[in-house]
Amino acid sequence: MAGGGGRNLAELSLDEFLAAGSESEPDGAWEEEEEVEAEARPGKGAAAERRLNGKARPAVEARPAPRKKGKASEHKDQLSRLKDRDPEFYKFLEENDRALLDFDASDSSDEEEERVHVPPDKLEVASDEEDEDDEQQAKVKQKRASFIPVSLKMVEEWKRAAERNLTPKLFHTITQAFKAAVATTKGDDGGADPSKFQVTDAAVFNALVSFCIRDLFHYLQKLLFPKPPKNKHKLILPSTSPLWSKLRLDVKVYLGCSIQLLSCLTEASVGAAVLQHVNSIVPYFLSFPKQCRALLKQAINLWSTGEETVRVLAFLVLNKICRYKKELYLSPLLKQMYIAFVKNSRFTSPNVLPMINFMQRTLTEMYALDTRTSYQHAFIYIRQLAIHLRSAMTIRKKENFQSVYNWQYIHCLYFWCRVLSTIYPSEVMEPLIYPLTQVIIGCIKLVPTSRFYPLRMHCIRALTLLSENTRTFIPVLPFILEVFQQVDFNKKPGRISAKPINFAVILKLSNANLQEKVYRDGLIDQLYDLMLEYLHCQAYSIGFPELVLPTIIQLKSFLKECKIANYCKPIRQLLEKLQENSAYISNRRQKAAFGVASREAVEQWEKQVKEEGTPLTKYYSQWKKLREKEIQLEISGKERLEDLNFPEIKRKKQNESKEEDKKEFKDLFELDSDSDEENAGFPIKGKGKAKQASDDSSEASSKEYGEDDDEEEGRYEIEEDEEGLEDDSDSDAEEGREGARVPQGSQQRSRTGGMSRADLELLAQGDEDVVEDLAFSDDD
């Protein structure tokens, strides 16, 4: 366009325009036209646009940045020429892309370049997640803003409305409020299905929960069953009500919240109140198996670890559910309760022992609900105990012994004895008596040493319980009498301990315990108790004289050998009672008119004798009352030292003793010398006695605290009755203190204190000296 640079394009002819265009048009002008055609060509779509952005645009960008003025108008002229050159294509553009033809002439190439996308140097990552988090936070804020705060006024209105007429809609509202209250115990924000209410005040929480656990389900029961049932003891499931379909979901939510509330409470009184409420609504739990299983799990936890009242109420819930849904819940429940019992009986102390006994008794009641299910569990667990014992007997290593000689094993043995004793008579459970007895006897014989006497006594009590209640003869006496042969009760103890040994909460004794006097004292009491407990249940047996004959011989032999009066006294008393009862049974059976082969007659005779009572059973009933009081004191951990009335030894300092001596004998010796100088003129024998007395007193004080064990053996004396010791203890102790404190010389001076001063002067002067002549020999 050099030649026609100053003329308008409209004034040029066709030949001039073509000549000028071939000279002046840049090569890129056709490329732009091709771009326009490619962009407008039908059927290309997004691919054409990508090519336009990816290939054609870089060509545009590659051109020099400054554009000539009038570029847009020139392009418009080219499009107008396109109309003449290719009218069909131009018509297509008019129909499909009118904006391409009708563009503004003021548009510049700079604006076109700005439309090209330039990617950033660094891409922003996770922008979508941040947007989602922002959306969730916005939703949570919106939900919190939409919560309705519960007030005391609202709770009171709900109470009055429910008392007048509880409706499904009102019950739904109260349930949602209760759900919001329970959610605060664990800091729950609402979860997947939050409540529309919000409870923030403690007073509102207490008022709402109290209303729900006291009155709400009473009104609900009236709503479901307007007419009271004829048989109040019969369980009626709420699912039989016509209105159940409307209330089902709300009741399900309420039950789930109740279980959550049980798991959060720490106060025993509040937990007991909630458990009482749960116990009253057990029929509602039975309608929802999932909620019922969750309740059983929580109740087992409270039964095994809770406070005493909570334990009892949790057991009532467990028992009630199993009585009505025995076939569904009993078997898994027995397994879980037994495992919980074993876990919580690992350690035994005076405080824990009552709880372990409670678990034993209550779990026994659960096993008594169905004997066939109980037999399957008992067989498996008794077999496990036998396997542990067999491995300990064959391998004989410390680890295997410890798997048997522990509290869990012993408590399990006693528990199964209690189960078989409670369920008896039962043809299903009776075959387990013999294997359980063999396991207990094997446990006694595993390590038959004196250190494990407490464990032996626990096993003997289990066998006694089993023999008494199942009317099965078990030879228990040999394991008791064996102790008399193994222990030398005449041996002087090596240590003195004032604290008695509580055999109920220990399994083995230490070597130091075996040297103490309280060990033998307690051992005699335990042997006396065990023999009396076992023989009293055999006291009415027709074969009692033959049964106790070896025992009588053994006890007589012990009384001949034992020289300790306190040990002989209870054994002699027991021997007299056994002989008296044996003579009574012998006289009664001599009058019997039936033979030994008549089993029914023998059982009838024993039943009659048992009802009338024997000398041994009468004595046992009196002894049992006194023994139970002592056991309660031992379990409670109270020390009974105040009942012993030990004399209190008061020692004075040496300087105080000297000052008193000086004052006492001031009139006799007007000297300021020490007491040792005053004793210089007295016989040395008095000094030796005084020293010996002081040494004895100091030795006694050291023995009182368990020191000098070896020297204590020589100071053992036979104990007398407690009453005699109490009467003379004060006077004897006072005399002993005076004898240890006052030297022998002072005693002589005190005896001479009654003479007058003149007599003392004459005694000091003595007789006149007699002078004799000396005879000299001839040699001198």
# chains A, B, ... in the order shown; residues from 1 in each chain; ligands from 1

$ residues_around --residues "Tyr375 (chain A)" --least-positions-apart "6" --cutoff "10 Å" --atoms "only C-alpha atoms" --output "ChimeraX atom specification"
/A:367,381,420,428-432

$ write_last_selection --atoms "N, CA, C and O atoms" --output "PDB file, in the first residue's frame"
ATOM      1  N   TYR A 367     -26.227 -68.689  86.386  1.00  0.00           N
ATOM      2  CA  TYR A 367     -26.033 -70.055  85.887  1.00  0.00           C
ATOM      3  C   TYR A 367     -27.191 -70.970  86.265  1.00  0.00           C
ATOM      4  O   TYR A 367     -27.426 -71.978  85.602  1.00  0.00           O
ATOM      5  N   TYR A 381     -14.952 -74.621  81.179  1.00  0.00           N
ATOM      6  CA  TYR A 381     -14.076 -73.888  82.101  1.00  0.00           C
ATOM      7  C   TYR A 381     -13.428 -74.812  83.124  1.00  0.00           C
ATOM      8  O   TYR A 381     -12.270 -74.582  83.516  1.00  0.00           O
ATOM      9  N   LEU A 420     -22.181 -75.768  91.491  1.00  0.00           N
ATOM     10  CA  LEU A 420     -22.689 -77.136  91.592  1.00  0.00           C
ATOM     11  C   LEU A 420     -23.477 -77.351  92.875  1.00  0.00           C
ATOM     12  O   LEU A 420     -24.440 -78.127  92.899  1.00  0.00           O
ATOM     13  N   VAL A 428     -28.225 -82.952  85.133  1.00  0.00           N
ATOM     14  CA  VAL A 428     -27.343 -82.416  84.094  1.00  0.00           C
ATOM     15  C   VAL A 428     -25.987 -82.027  84.671  1.00  0.00           C
ATOM     16  O   VAL A 428     -24.929 -82.331  84.094  1.00  0.00           O
ATOM     17  N   MET A 429     -25.985 -81.372  85.824  1.00  0.00           N
ATOM     18  CA  MET A 429     -24.738 -80.850  86.396  1.00  0.00           C
ATOM     19  C   MET A 429     -24.031 -81.846  87.302  1.00  0.00           C
ATOM     20  O   MET A 429     -22.838 -81.671  87.592  1.00  0.00           O
ATOM     21  N   GLU A 430     -24.689 -82.872  87.751  1.00  0.00           N
ATOM     22  CA  GLU A 430     -24.092 -83.791  88.719  1.00  0.00           C
ATOM     23  C   GLU A 430     -22.833 -84.485  88.211  1.00  0.00           C
ATOM     24  O   GLU A 430     -21.901 -84.712  88.993  1.00  0.00           O
ATOM     25  N   PRO A 431     -22.711 -84.852  86.922  1.00  0.00           N
ATOM     26  CA  PRO A 431     -21.465 -85.493  86.469  1.00  0.00           C
ATOM     27  C   PRO A 431     -20.212 -84.632  86.599  1.00  0.00           C
ATOM     28  O   PRO A 431     -19.096 -85.166  86.517  1.00  0.00           O
ATOM     29  N   LEU A 432     -20.348 -83.338  86.827  1.00  0.00           N
ATOM     30  CA  LEU A 432     -19.179 -82.466  86.945  1.00  0.00           C
ATOM     31  C   LEU A 432     -18.598 -82.437  88.351  1.00  0.00           C
ATOM     32  O   LEU A 432     -17.531 -81.856  88.562  1.00  0.00           O
TER      33      LEU A 432
END

$ select_by_dssp --residues "region 270-364 of chain A" --states "alpha helix (DSSP H)" --output "mmCIF file with N, CA and C atoms, in the first residue's frame"
data_model
loop_
_atom_site.group_PDB
_atom_site.id
_atom_site.type_symbol
_atom_site.label_atom_id
_atom_site.label_comp_id
_atom_site.auth_asym_id
_atom_site.auth_seq_id
_atom_site.Cartn_x
_atom_site.Cartn_y
_atom_site.Cartn_z
ATOM 1 N N VAL A 270 -26.354 -41.018 91.461
ATOM 2 C CA VAL A 270 -27.000 -40.721 90.183
ATOM 3 C C VAL A 270 -27.037 -41.970 89.306
ATOM 4 N N GLY A 271 -25.944 -42.718 89.296
ATOM 5 C CA GLY A 271 -25.925 -43.957 88.532
ATOM 6 C C GLY A 271 -26.953 -44.959 89.015
ATOM 7 N N ALA A 272 -27.154 -45.014 90.334
ATOM 8 C CA ALA A 272 -28.166 -45.920 90.878
ATOM 9 C C ALA A 272 -29.567 -45.507 90.443
ATOM 10 N N ALA A 273 -29.834 -44.189 90.422
ATOM 11 C CA ALA A 273 -31.161 -43.722 89.996
ATOM 12 C C ALA A 273 -31.415 -44.048 88.523
ATOM 13 N N VAL A 274 -30.409 -43.859 87.679
ATOM 14 C CA VAL A 274 -30.576 -44.176 86.252
ATOM 15 C C VAL A 274 -30.764 -45.678 86.054
ATOM 16 N N LEU A 275 -30.035 -46.501 86.825
ATOM 17 C CA LEU A 275 -30.183 -47.954 86.702
ATOM 18 C C LEU A 275 -31.565 -48.414 87.145
ATOM 19 N N GLN A 276 -32.105 -47.796 88.174
ATOM 20 C CA GLN A 276 -33.475 -48.126 88.580
ATOM 21 C C GLN A 276 -34.463 -47.808 87.460
ATOM 22 N N HIS A 277 -34.253 -46.673 86.806
ATOM 23 C CA HIS A 277 -35.118 -46.311 85.679
ATOM 24 C C HIS A 277 -34.961 -47.302 84.532
ATOM 25 N N VAL A 278 -33.717 -47.680 84.231
ATOM 26 C CA VAL A 278 -33.464 -48.637 83.154
ATOM 27 C C VAL A 278 -34.105 -49.979 83.480
ATOM 28 N N ASN A 279 -34.047 -50.380 84.723
ATOM 29 C CA ASN A 279 -34.656 -51.654 85.126
ATOM 30 C C ASN A 279 -36.171 -51.636 84.923
ATOM 31 N N SER A 280 -36.771 -50.477 85.099
ATOM 32 C CA SER A 280 -38.226 -50.387 84.928
ATOM 33 C C SER A 280 -38.642 -50.360 83.457
ATOM 34 N N VAL A 282 -37.055 -52.130 80.985
ATOM 35 C CA VAL A 282 -36.449 -53.266 80.280
ATOM 36 C C VAL A 282 -37.322 -53.768 79.130
ATOM 37 N N PRO A 283 -38.683 -53.812 79.248
ATOM 38 C CA PRO A 283 -39.486 -54.251 78.088
ATOM 39 C C PRO A 283 -39.245 -53.432 76.825
ATOM 40 N N TYR A 284 -38.944 -52.157 76.967
ATOM 41 C CA TYR A 284 -38.652 -51.342 75.785
ATOM 42 C C TYR A 284 -37.316 -51.742 75.161
ATOM 43 N N PHE A 285 -36.328 -52.065 76.004
ATOM 44 C CA PHE A 285 -35.042 -52.524 75.472
ATOM 45 C C PHE A 285 -35.193 -53.858 74.745
ATOM 46 N N LEU A 286 -36.078 -54.719 75.241
ATOM 47 C CA LEU A 286 -36.258 -56.016 74.592
ATOM 48 C C LEU A 286 -36.820 -55.883 73.182
ATOM 49 N N PRO A 289 -33.040 -55.174 69.716
ATOM 50 C CA PRO A 289 -31.904 -56.056 70.033
ATOM 51 C C PRO A 289 -30.563 -55.329 70.110
ATOM 52 N N LYS A 290 -30.326 -54.364 69.233
ATOM 53 C CA LYS A 290 -29.043 -53.663 69.241
ATOM 54 C C LYS A 290 -28.860 -52.873 70.529
ATOM 55 N N GLN A 291 -29.890 -52.125 70.913
ATOM 56 C CA GLN A 291 -29.811 -51.364 72.162
ATOM 57 C C GLN A 291 -29.736 -52.296 73.374
ATOM 58 N N CYS A 292 -30.381 -53.425 73.284
ATOM 59 C CA CYS A 292 -30.360 -54.374 74.396
ATOM 60 C C CYS A 292 -28.954 -54.945 74.593
ATOM 61 N N ARG A 293 -28.268 -55.266 73.513
ATOM 62 C CA ARG A 293 -26.893 -55.769 73.636
ATOM 63 C C ARG A 293 -25.960 -54.699 74.199
ATOM 64 N N ALA A 294 -26.154 -53.467 73.781
ATOM 65 C CA ALA A 294 -25.335 -52.377 74.332
ATOM 66 C C ALA A 294 -25.590 -52.195 75.822
ATOM 67 N N LEU A 295 -26.861 -52.340 76.230
ATOM 68 C CA LEU A 295 -27.187 -52.231 77.658
ATOM 69 C C LEU A 295 -26.546 -53.368 78.451
ATOM 70 N N LEU A 296 -26.574 -54.580 77.927
ATOM 71 C CA LEU A 296 -25.963 -55.714 78.625
ATOM 72 C C LEU A 296 -24.465 -55.492 78.806
ATOM 73 N N LYS A 297 -23.819 -54.981 77.793
ATOM 74 C CA LYS A 297 -22.380 -54.733 77.884
ATOM 75 C C LYS A 297 -22.068 -53.706 78.962
ATOM 76 N N GLN A 298 -22.832 -52.634 79.013
ATOM 77 C CA GLN A 298 -22.603 -51.601 80.024
ATOM 78 C C GLN A 298 -22.957 -52.098 81.410
ATOM 79 N N ALA A 299 -24.018 -52.897 81.523
ATOM 80 C CA ALA A 299 -24.419 -53.429 82.831
ATOM 81 C C ALA A 299 -23.379 -54.401 83.374
ATOM 82 N N ILE A 300 -22.753 -55.198 82.520
ATOM 83 C CA ILE A 300 -21.693 -56.112 82.971
ATOM 84 C C ILE A 300 -20.514 -55.320 83.517
ATOM 85 N N ASN A 301 -20.177 -54.230 82.863
ATOM 86 C CA ASN A 301 -19.082 -53.388 83.340
ATOM 87 C C ASN A 301 -19.394 -52.808 84.721
ATOM 88 N N LEU A 302 -20.611 -52.333 84.911
ATOM 89 C CA LEU A 302 -20.995 -51.785 86.221
ATOM 90 C C LEU A 302 -21.096 -52.877 87.268
ATOM 91 N N TRP A 303 -21.552 -54.072 86.887
ATOM 92 C CA TRP A 303 -21.676 -55.184 87.831
ATOM 93 C C TRP A 303 -20.314 -55.630 88.370
ATOM 94 N N SER A 304 -19.276 -55.507 87.567
ATOM 95 C CA SER A 304 -17.961 -56.009 87.979
ATOM 96 C C SER A 304 -17.049 -54.935 88.558
ATOM 97 N N THR A 305 -17.331 -53.667 88.310
ATOM 98 C CA THR A 305 -16.405 -52.617 88.757
ATOM 99 C C THR A 305 -17.071 -51.483 89.527
ATOM 100 N N GLU A 308 -21.120 -50.569 95.398
ATOM 101 C CA GLU A 308 -21.924 -51.703 95.870
ATOM 102 C C GLU A 308 -23.377 -51.607 95.415
ATOM 103 N N THR A 309 -24.021 -50.465 95.606
ATOM 104 C CA THR A 309 -25.417 -50.317 95.194
ATOM 105 C C THR A 309 -25.560 -50.415 93.678
ATOM 106 N N VAL A 310 -24.622 -49.833 92.960
ATOM 107 C CA VAL A 310 -24.659 -49.895 91.496
ATOM 108 C C VAL A 310 -24.497 -51.330 91.021
ATOM 109 N N ARG A 311 -23.645 -52.101 91.684
ATOM 110 C CA ARG A 311 -23.458 -53.515 91.315
ATOM 111 C C ARG A 311 -24.761 -54.293 91.441
ATOM 112 N N VAL A 312 -25.461 -54.068 92.529
ATOM 113 C CA VAL A 312 -26.705 -54.808 92.761
ATOM 114 C C VAL A 312 -27.743 -54.458 91.696
ATOM 115 N N LEU A 313 -27.908 -53.164 91.416
ATOM 116 C CA LEU A 313 -28.904 -52.755 90.419
ATOM 117 C C LEU A 313 -28.528 -53.238 89.019
ATOM 118 N N ALA A 314 -27.228 -53.228 88.698
ATOM 119 C CA ALA A 314 -26.799 -53.742 87.397
ATOM 120 C C ALA A 314 -27.104 -55.232 87.273
ATOM 121 N N PHE A 315 -26.931 -55.965 88.363
ATOM 122 C CA PHE A 315 -27.266 -57.397 88.320
ATOM 123 C C PHE A 315 -28.764 -57.609 88.116
ATOM 124 N N LEU A 316 -29.589 -56.776 88.736
ATOM 125 C CA LEU A 316 -31.037 -56.906 88.560
ATOM 126 C C LEU A 316 -31.431 -56.680 87.093
ATOM 127 N N VAL A 317 -30.768 -55.728 86.441
ATOM 128 C CA VAL A 317 -31.041 -55.499 85.014
ATOM 129 C C VAL A 317 -30.647 -56.714 84.190
ATOM 130 N N LEU A 318 -29.451 -57.267 84.456
ATOM 131 C CA LEU A 318 -28.988 -58.443 83.719
ATOM 132 C C LEU A 318 -29.921 -59.631 83.932
ATOM 133 N N ASN A 319 -30.316 -59.837 85.168
ATOM 134 C CA ASN A 319 -31.171 -60.984 85.491
ATOM 135 C C ASN A 319 -32.547 -60.850 84.838
ATOM 136 N N LYS A 320 -33.077 -59.631 84.826
ATOM 137 C CA LYS A 320 -34.404 -59.419 84.258
ATOM 138 C C LYS A 320 -34.410 -59.651 82.755
ATOM 139 N N ILE A 321 -33.383 -59.174 82.071
ATOM 140 C CA ILE A 321 -33.318 -59.368 80.620
ATOM 141 C C ILE A 321 -33.185 -60.846 80.275
ATOM 142 N N CYS A 322 -32.350 -61.562 81.023
ATOM 143 C CA CYS A 322 -32.121 -62.984 80.712
ATOM 144 C C CYS A 322 -33.324 -63.848 81.068
ATOM 145 N N ARG A 323 -34.093 -63.448 82.028
ATOM 146 C CA ARG A 323 -35.275 -64.253 82.372
ATOM 147 C C ARG A 323 -36.330 -64.199 81.273
ATOM 148 N N TYR A 324 -36.405 -63.076 80.558
ATOM 149 C CA TYR A 324 -37.427 -62.941 79.517
ATOM 150 C C TYR A 324 -36.892 -63.300 78.124
ATOM 151 N N LYS A 326 -34.138 -65.585 77.486
ATOM 152 C CA LYS A 326 -33.112 -66.535 77.892
ATOM 153 C C LYS A 326 -32.391 -67.139 76.692
ATOM 154 N N GLU A 327 -33.153 -67.578 75.708
ATOM 155 C CA GLU A 327 -32.556 -68.280 74.579
ATOM 156 C C GLU A 327 -31.690 -67.359 73.715
ATOM 157 N N LEU A 328 -31.903 -66.054 73.789
ATOM 158 C CA LEU A 328 -31.184 -65.122 72.930
ATOM 159 C C LEU A 328 -29.945 -64.542 73.598
ATOM 160 N N TYR A 329 -30.017 -64.237 74.877
ATOM 161 C CA TYR A 329 -28.950 -63.491 75.539
ATOM 162 C C TYR A 329 -28.207 -64.272 76.611
ATOM 163 N N LEU A 330 -28.719 -65.377 77.118
ATOM 164 C CA LEU A 330 -28.141 -66.016 78.305
ATOM 165 C C LEU A 330 -26.732 -66.544 78.030
ATOM 166 N N SER A 331 -26.550 -67.281 76.963
ATOM 167 C CA SER A 331 -25.247 -67.912 76.719
ATOM 168 C C SER A 331 -24.125 -66.886 76.537
ATOM 169 N N PRO A 332 -24.262 -65.889 75.663
ATOM 170 C CA PRO A 332 -23.174 -64.888 75.572
ATOM 171 C C PRO A 332 -23.006 -64.071 76.849
ATOM 172 N N LEU A 333 -24.106 -63.866 77.564
ATOM 173 C CA LEU A 333 -24.012 -63.096 78.805
ATOM 174 C C LEU A 333 -23.225 -63.854 79.865
ATOM 175 N N LEU A 334 -23.456 -65.165 80.003
ATOM 176 C CA LEU A 334 -22.711 -65.962 80.982
ATOM 177 C C LEU A 334 -21.214 -65.933 80.685
ATOM 178 N N LYS A 335 -20.871 -65.989 79.423
ATOM 179 C CA LYS A 335 -19.457 -65.959 79.045
ATOM 180 C C LYS A 335 -18.817 -64.628 79.421
ATOM 181 N N GLN A 336 -19.481 -63.533 79.101
ATOM 182 C CA GLN A 336 -18.923 -62.211 79.404
ATOM 183 C C GLN A 336 -18.857 -61.959 80.910
ATOM 184 N N MET A 337 -19.857 -62.407 81.638
ATOM 185 C CA MET A 337 -19.834 -62.213 83.095
ATOM 186 C C MET A 337 -18.739 -63.045 83.744
ATOM 187 N N TYR A 338 -18.529 -64.250 83.271
ATOM 188 C CA TYR A 338 -17.469 -65.090 83.837
ATOM 189 C C TYR A 338 -16.097 -64.478 83.566
ATOM 190 N N ILE A 339 -15.894 -63.962 82.354
ATOM 191 C CA ILE A 339 -14.620 -63.319 82.028
ATOM 192 C C ILE A 339 -14.407 -62.077 82.899
ATOM 193 N N ALA A 340 -15.463 -61.312 83.103
ATOM 194 C CA ALA A 340 -15.348 -60.127 83.974
ATOM 195 C C ALA A 340 -15.049 -60.523 85.410
ATOM 196 N N PHE A 341 -15.648 -61.616 85.871
ATOM 197 C CA PHE A 341 -15.378 -62.100 87.230
ATOM 198 C C PHE A 341 -13.915 -62.500 87.388
ATOM 199 N N VAL A 342 -13.377 -63.221 86.402
ATOM 200 C CA VAL A 342 -11.982 -63.661 86.480
ATOM 201 C C VAL A 342 -11.040 -62.458 86.452
ATOM 202 N N LYS A 343 -11.323 -61.476 85.606
ATOM 203 C CA LYS A 343 -10.461 -60.299 85.515
ATOM 204 C C LYS A 343 -10.419 -59.531 86.828
ATOM 205 N N LEU A 353 -12.505 -58.564 99.010
ATOM 206 C CA LEU A 353 -13.094 -59.897 99.196
ATOM 207 C C LEU A 353 -14.621 -59.891 99.217
ATOM 208 N N PRO A 354 -15.308 -58.948 99.880
ATOM 209 C CA PRO A 354 -16.776 -58.951 99.808
ATOM 210 C C PRO A 354 -17.314 -58.766 98.393
ATOM 211 N N MET A 355 -16.656 -57.963 97.563
ATOM 212 C CA MET A 355 -17.103 -57.777 96.182
ATOM 213 C C MET A 355 -16.924 -59.049 95.358
ATOM 214 N N ILE A 356 -15.831 -59.777 95.617
ATOM 215 C CA ILE A 356 -15.618 -61.034 94.903
ATOM 216 C C ILE A 356 -16.685 -62.051 95.304
ATOM 217 N N ASN A 357 -17.004 -62.110 96.570
ATOM 218 C CA ASN A 357 -18.070 -63.015 97.027
ATOM 219 C C ASN A 357 -19.416 -62.628 96.416
ATOM 220 N N PHE A 358 -19.658 -61.324 96.287
ATOM 221 C CA PHE A 358 -20.904 -60.880 95.664
ATOM 222 C C PHE A 358 -20.976 -61.332 94.205
ATOM 223 N N MET A 359 -19.878 -61.172 93.474
ATOM 224 C CA MET A 359 -19.878 -61.613 92.078
ATOM 225 C C MET A 359 -20.077 -63.121 91.975
ATOM 226 N N GLN A 360 -19.484 -63.873 92.889
ATOM 227 C CA GLN A 360 -19.677 -65.329 92.874
ATOM 228 C C GLN A 360 -21.135 -65.706 93.071
ATOM 229 N N ARG A 361 -21.770 -65.092 94.038
ATOM 230 C CA ARG A 361 -23.158 -65.456 94.354
ATOM 231 C C ARG A 361 -24.115 -65.027 93.239
ATOM 232 N N THR A 362 -23.934 -63.835 92.711
ATOM 233 C CA THR A 362 -24.848 -63.362 91.670
ATOM 234 C C THR A 362 -24.635 -64.112 90.357
ATOM 235 N N LEU A 363 -23.384 -64.404 90.022
ATOM 236 C CA LEU A 363 -23.131 -65.179 88.802
ATOM 237 C C LEU A 363 -23.661 -66.598 88.936
ATOM 238 N N THR A 364 -23.636 -67.120 90.144
ATOM 239 C CA THR A 364 -24.229 -68.443 90.383
ATOM 240 C C THR A 364 -25.726 -68.428 90.099
#

$ residues_around --residues "Tyr519 (chain A)" --least-positions-apart "3" --cutoff "12 Å" --atoms "only C-alpha atoms" --output "PyMOL selection string"
chain A and resi 450-451+453-454+487+489+493-503+508-516+522-526

$ residues_around --residues "region 163-180 of chain A" --least-positions-apart "2" --cutoff "8 Å" --atoms "only C-alpha atoms" --output "list in words"
Val150, Trp158, Lys159, Arg160, Ala161, Val182, Ala183, Thr184, Gly190, Pro194, Ser195, Lys196, Phe197, Gln198, Val199, Leu208, Val209, Cys212, Tyr219, Leu220, Leu223, Lys246, Leu247, Asp250, Val251, Val253, Tyr254 and Cys257 of chain A

$ write_last_selection --atoms "N, CA and C atoms" --output "tab-separated table (two decimals), in the first residue's frame"
chain	number	residue	atom	x	y	z
A	150	VAL	N	-32.70	-24.77	75.73
A	150	VAL	CA	-33.72	-25.28	76.65
A	150	VAL	C	-33.63	-24.51	77.96
A	158	TRP	N	-43.30	-28.72	79.55
A	158	TRP	CA	-43.36	-30.10	79.07
A	158	TRP	C	-43.90	-31.03	80.15
A	159	LYS	N	-43.53	-30.79	81.37
A	159	LYS	CA	-44.03	-31.62	82.46
A	159	LYS	C	-45.55	-31.53	82.57
A	160	ARG	N	-46.05	-30.30	82.57
A	160	ARG	CA	-47.50	-30.12	82.71
A	160	ARG	C	-48.24	-30.69	81.50
A	161	ALA	N	-47.68	-30.48	80.32
A	161	ALA	CA	-48.35	-31.01	79.12
A	161	ALA	C	-48.35	-32.53	79.11
A	182	VAL	N	-27.91	-35.21	77.09
A	182	VAL	CA	-26.94	-36.30	77.23
A	182	VAL	C	-25.70	-36.01	76.40
A	183	ALA	N	-25.86	-35.32	75.27
A	183	ALA	CA	-24.71	-35.00	74.43
A	183	ALA	C	-23.70	-34.12	75.14
A	184	THR	N	-24.14	-33.35	76.12
A	184	THR	CA	-23.21	-32.48	76.85
A	184	THR	C	-22.29	-33.25	77.77
A	190	GLY	N	-23.22	-32.92	68.32
A	190	GLY	CA	-24.47	-33.27	67.66
A	190	GLY	C	-24.34	-34.50	66.81
A	194	PRO	N	-27.82	-34.42	64.76
A	194	PRO	CA	-27.87	-33.60	65.97
A	194	PRO	C	-29.30	-33.24	66.36
A	195	SER	N	-29.44	-32.89	67.62
A	195	SER	CA	-30.75	-32.46	68.10
A	195	SER	C	-30.96	-30.98	67.78
A	196	LYS	N	-32.21	-30.60	67.76
A	196	LYS	CA	-32.50	-29.19	67.47
A	196	LYS	C	-32.43	-28.33	68.72
A	197	PHE	N	-32.23	-28.97	69.88
A	197	PHE	CA	-32.15	-28.24	71.15
A	197	PHE	C	-30.71	-28.15	71.61
A	198	GLN	N	-30.50	-27.29	72.58
A	198	GLN	CA	-29.19	-27.12	73.18
A	198	GLN	C	-29.36	-26.88	74.68
A	199	VAL	N	-28.63	-27.66	75.49
A	199	VAL	CA	-28.70	-27.55	76.95
A	199	VAL	C	-27.34	-27.08	77.43
A	208	LEU	N	-34.30	-31.66	83.51
A	208	LEU	CA	-34.75	-32.45	82.36
A	208	LEU	C	-34.50	-33.94	82.55
A	209	VAL	N	-33.30	-34.29	83.03
A	209	VAL	CA	-32.98	-35.71	83.24
A	209	VAL	C	-33.84	-36.30	84.36
A	212	CYS	N	-37.25	-37.04	82.99
A	212	CYS	CA	-37.29	-38.19	82.06
A	212	CYS	C	-37.20	-39.51	82.81
A	219	TYR	N	-45.96	-41.81	81.86
A	219	TYR	CA	-46.96	-41.23	80.96
A	219	TYR	C	-46.97	-41.96	79.61
A	220	LEU	N	-45.80	-42.40	79.15
A	220	LEU	CA	-45.73	-43.12	77.88
A	220	LEU	C	-46.47	-44.46	77.97
A	223	LEU	N	-50.01	-43.84	77.55
A	223	LEU	CA	-50.33	-43.53	76.16
A	223	LEU	C	-50.41	-44.81	75.32
A	246	LYS	N	-45.69	-45.00	65.66
A	246	LYS	CA	-45.46	-43.56	65.72
A	246	LYS	C	-44.37	-43.18	66.73
A	247	LEU	N	-44.18	-44.03	67.73
A	247	LEU	CA	-43.25	-43.70	68.80
A	247	LEU	C	-41.95	-44.49	68.73
A	250	ASP	N	-38.50	-42.55	68.25
A	250	ASP	CA	-38.18	-41.70	69.39
A	250	ASP	C	-37.78	-42.53	70.60
A	251	VAL	N	-38.45	-43.66	70.82
A	251	VAL	CA	-38.08	-44.54	71.93
A	251	VAL	C	-36.68	-45.10	71.71
A	253	VAL	N	-34.19	-43.68	70.12
A	253	VAL	CA	-33.23	-42.61	70.42
A	253	VAL	C	-33.08	-42.45	71.92
A	254	TYR	N	-34.20	-42.48	72.64
A	254	TYR	CA	-34.15	-42.31	74.09
A	254	TYR	C	-33.35	-43.42	74.75
A	257	CYS	N	-29.64	-42.93	74.28
A	257	CYS	CA	-29.14	-41.86	75.15
A	257	CYS	C	-29.04	-42.32	76.60

$ atom_distance --atom1 "CA of Glu95 (chain A)" --atom2 "CA of Asp77 (chain A)"
19.4 Å

$ atom_distance --atom1 "CA of Asn587 (chain A)" --atom2 "CA of Leu535 (chain A)"
18.5 Å

$ closest_residue --among "A:Phe217, A:Phe544, A:Tyr434, A:Phe452" --to "Cys417 (chain A)" --atoms "only C-alpha atoms"
A:Tyr434

$ atom_distance --atom1 "CA of Pro545 (chain A)" --atom2 "CA of Ser582 (chain A)"
4.8 Å
